[in-house]
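Report on the following structure.
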Amino acid sequence: MTADFEPTDRTTVKRLPERGRYDRETVHAVLDEALICHVAFAIDGQPFVIPTIHARDGDTLYFHGSPASRMLRRLGEGIPVCVNVTLVDGLVMARSVFHHSMNYRSVVIVGEATRLEDDDEKLNALEVIVERVAPGRSADARGPNPKELSGTLVLALPIDEASAKVRTGPPGDDEEDLDLDVWAGVVPVSLAFGRPEGDAYVKPGVAVPDYLADYRRG
Ligand SMILES: Cc1cc2nc3c(=O)[nH]c(=O)nc-3n(C[C@H](O)[C@H](O)[C@H](O)COP(=O)(O)OP(=O)(O)OC[C@H]3O[C@@H](n4cnc5c(N)ncnc54)[C@H](O)[C@@H]3O)c2cc1C
């Protein structure tokens, strides 16, 4: 059993609070299934929201990229950051326009990131990122060489102030609308992955790895 996150002023779900979740299992599962997150930060009072790849290891979220990235450089200075991850699970069609919705699982994390300086920590974080996207890939692909490693900025954001919000189930129509001749229900939504397409340099006899041949998440 893992302890729940403590809701704070910044992470307490106020609208439809029954949808708020603070348990690590829910928060971690959303972070792990999502391929990308959106990172929000302000520079001179101007908010920016930037999409980026993330990966979780325990209660740490990693980001990586070019040292030239403004987002990574500024976050590495320890400025406040807010991260969102959202998975859409269904289109909720109600009998009234008002009660239309979506089924979703989303997470918000607030905090401050730090820049990893130690090469071993950076290598571990990069492996976590690769493995979160394609488990098994880091055993196949060549690892970062010293030049690539020093040319990659890696940030770690502690996941200790976090919330999840989850909607599931059918539409919540008003009683008096249930008699209407209108179809209502849920259209399930899922992320579909196609058949892997090798590039022009794949050698004869090198097969698509199993972890890509039937790729799925969640
Ligand atoms: C799916 C996905 C995954 C990505 N993964 C990574 C990653 O792991 N690491 C990484 O470093 N970068 C990643 N990026 C790119 C990232 O979104 C930024 O473009 C990148 O960090 C470069 O930042 P910058 O310093 O040039 O931009 P900034 O100087 O931060 O941005 C300047 C302006 O450029 C525009 N801009 C920047 N990025 C975008 C964008 N993505 N879409 C539209 N406008 C934009 C905005 O107007 C922004 O205000 C990813 C992008 C996508 C869509």
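Letters for chains follow the order of the structure tokens (A, B, ...), residue numbers begin at 1 for each chain, and ligand numbers begin at 1 in the order shown.
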
Based on DSSP run over this structure's backbone, return all residues of region 91-166 of chain A in strand (DSSP E or B), as a VMD selection string.
chain A and resid 91 to 93 101 to 112 114 to 115 153 to 158 162 to 166

Write the residues you've just listed into a file as a CSV table (one decimal), in the first residue's frame, and include N, CA and C atoms for each of them.
```csv
chain,number,residue,atom,x,y,z
A,91,LEU,N,-16.7,9.8,-25.3
A,91,LEU,CA,-17.5,11.0,-25.5
A,91,LEU,C,-18.9,10.7,-24.9
A,92,VAL,N,-19.3,11.5,-24.0
A,92,VAL,CA,-20.5,11.3,-23.3
A,92,VAL,C,-21.6,12.1,-23.9
A,93,MET,N,-22.6,11.4,-24.6
A,93,MET,CA,-23.7,12.0,-25.3
A,93,MET,C,-24.9,11.9,-24.4
A,101,SER,N,-20.6,15.5,-22.0
A,101,SER,CA,-19.4,15.5,-21.3
A,101,SER,C,-18.4,14.6,-22.0
A,102,MET,N,-17.3,14.3,-21.3
A,102,MET,CA,-16.3,13.3,-21.7
A,102,MET,C,-15.9,12.5,-20.5
A,103,ASN,N,-15.6,11.3,-20.7
A,103,ASN,CA,-15.0,10.5,-19.7
A,103,ASN,C,-13.5,10.7,-19.8
A,104,TYR,N,-12.8,10.9,-18.7
A,104,TYR,CA,-11.4,11.2,-18.8
A,104,TYR,C,-10.7,10.8,-17.5
A,105,ARG,N,-9.4,10.8,-17.6
A,105,ARG,CA,-8.5,10.7,-16.4
A,105,ARG,C,-7.4,11.7,-16.6
A,106,SER,N,-7.3,12.6,-15.7
A,106,SER,CA,-6.3,13.7,-15.8
A,106,SER,C,-5.6,13.9,-14.5
A,107,VAL,N,-4.4,14.4,-14.6
A,107,VAL,CA,-3.5,14.6,-13.5
A,107,VAL,C,-2.9,16.0,-13.6
A,108,VAL,N,-2.8,16.7,-12.4
A,108,VAL,CA,-2.1,18.0,-12.4
A,108,VAL,C,-1.1,17.9,-11.3
A,109,ILE,N,0.1,18.3,-11.6
A,109,ILE,CA,1.2,18.3,-10.6
A,109,ILE,C,1.8,19.7,-10.5
A,110,VAL,N,2.0,20.2,-9.3
A,110,VAL,CA,2.7,21.5,-9.2
A,110,VAL,C,4.0,21.3,-8.4
A,111,GLY,N,5.0,22.1,-8.7
A,111,GLY,CA,6.2,22.0,-8.0
A,111,GLY,C,7.3,22.7,-8.6
A,112,GLU,N,8.6,22.3,-8.3
A,112,GLU,CA,9.7,22.9,-9.0
A,112,GLU,C,10.7,21.8,-9.4
A,114,THR,N,14.4,20.2,-10.8
A,114,THR,CA,15.8,20.4,-10.7
A,114,THR,C,16.5,19.8,-11.9
A,115,ARG,N,17.6,20.3,-12.2
A,115,ARG,CA,18.4,19.8,-13.3
A,115,ARG,C,19.3,18.7,-12.8
A,153,LEU,N,19.8,17.9,-21.8
A,153,LEU,CA,19.4,18.4,-20.5
A,153,LEU,C,18.3,17.6,-19.9
A,154,VAL,N,18.5,17.2,-18.7
A,154,VAL,CA,17.5,16.3,-18.0
A,154,VAL,C,17.0,17.0,-16.8
A,155,LEU,N,15.7,17.0,-16.6
A,155,LEU,CA,15.1,17.6,-15.4
A,155,LEU,C,14.3,16.6,-14.6
A,156,ALA,N,14.3,16.8,-13.3
A,156,ALA,CA,13.5,15.9,-12.4
A,156,ALA,C,12.5,16.8,-11.6
A,157,LEU,N,11.3,16.4,-11.7
A,157,LEU,CA,10.2,17.1,-11.0
A,157,LEU,C,9.7,16.1,-9.9
A,158,PRO,N,9.8,16.5,-8.6
A,158,PRO,CA,9.2,15.6,-7.6
A,158,PRO,C,7.7,15.6,-7.7
A,162,ALA,N,0.1,16.6,-6.0
A,162,ALA,CA,-0.5,16.1,-7.2
A,162,ALA,C,-2.0,15.7,-7.0
A,163,SER,N,-2.8,15.8,-8.0
A,163,SER,CA,-4.2,15.4,-7.9
A,163,SER,C,-4.5,14.7,-9.2
A,164,ALA,N,-5.5,13.8,-9.2
A,164,ALA,CA,-6.1,13.3,-10.4
A,164,ALA,C,-7.6,13.6,-10.4
A,165,LYS,N,-8.2,13.7,-11.5
A,165,LYS,CA,-9.6,13.9,-11.6
A,165,LYS,C,-10.1,12.9,-12.7
A,166,VAL,N,-11.2,12.2,-12.3
A,166,VAL,CA,-11.6,11.0,-13.2
A,166,VAL,C,-13.1,11.1,-13.4
```

As JSON, numbers by chain, please: every residue in region 77-165 of chain A that DSSP puts in helix (DSSP H, G or I).
{"A": [97, 98, 99, 119, 120, 121, 122, 123, 124, 125, 126, 127, 128, 129, 130, 131, 132, 133, 137, 138, 139, 140, 146, 147, 148, 149, 150]}

Which protein, DNA or RNA residues have an atom within 9 Å of ligand 1, counting only C-alpha atoms and all ligand atoms, as a PyMOL selection string?
chain A and resi 35-38+47-54+63-73+129+152-153

Need to verify the contact set: region 139-144 of chain A, 10 Å, only C-alpha atoms, exclusion of same-chain residues closer than 5 positions in sequence. Can you return it as number ranges by chain?
A: 123, 126-127, 130-131, 149-152, 209

N, CA and C atoms of the current selection, written as a CSV table (one decimal), in the first residue's frame:
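Once everything was written out, this is result-v4.csv:
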```
chain,number,residue,atom,x,y,z
A,123,LEU,N,21.7,9.2,-17.3
A,123,LEU,CA,21.6,7.9,-18.0
A,123,LEU,C,20.4,7.1,-17.6
A,126,LEU,N,17.2,8.9,-18.8
A,126,LEU,CA,17.0,8.7,-20.2
A,126,LEU,C,16.5,7.3,-20.5
A,127,GLU,N,17.0,6.3,-19.8
A,127,GLU,CA,16.5,5.0,-19.9
A,127,GLU,C,15.1,4.8,-19.5
A,130,VAL,N,12.9,6.3,-22.3
A,130,VAL,CA,12.8,5.3,-23.5
A,130,VAL,C,11.9,4.1,-23.1
A,131,GLU,N,12.1,3.6,-21.9
A,131,GLU,CA,11.3,2.4,-21.5
A,131,GLU,C,9.8,2.7,-21.3
A,149,LEU,N,25.3,12.7,-24.3
A,149,LEU,CA,24.8,12.8,-22.9
A,149,LEU,C,25.0,14.3,-22.4
A,150,SER,N,26.2,14.9,-22.8
A,150,SER,CA,26.4,16.2,-22.3
A,150,SER,C,25.5,17.2,-23.1
A,151,GLY,N,25.1,16.8,-24.3
A,151,GLY,CA,24.2,17.6,-25.1
A,151,GLY,C,22.7,17.4,-24.8
A,152,THR,N,22.4,16.7,-23.7
A,152,THR,CA,21.0,16.5,-23.3
A,152,THR,C,20.8,17.0,-21.9
A,209,PRO,N,10.7,-5.7,-33.5
A,209,PRO,CA,10.7,-6.3,-32.2
A,209,PRO,C,9.3,-6.5,-31.7
```
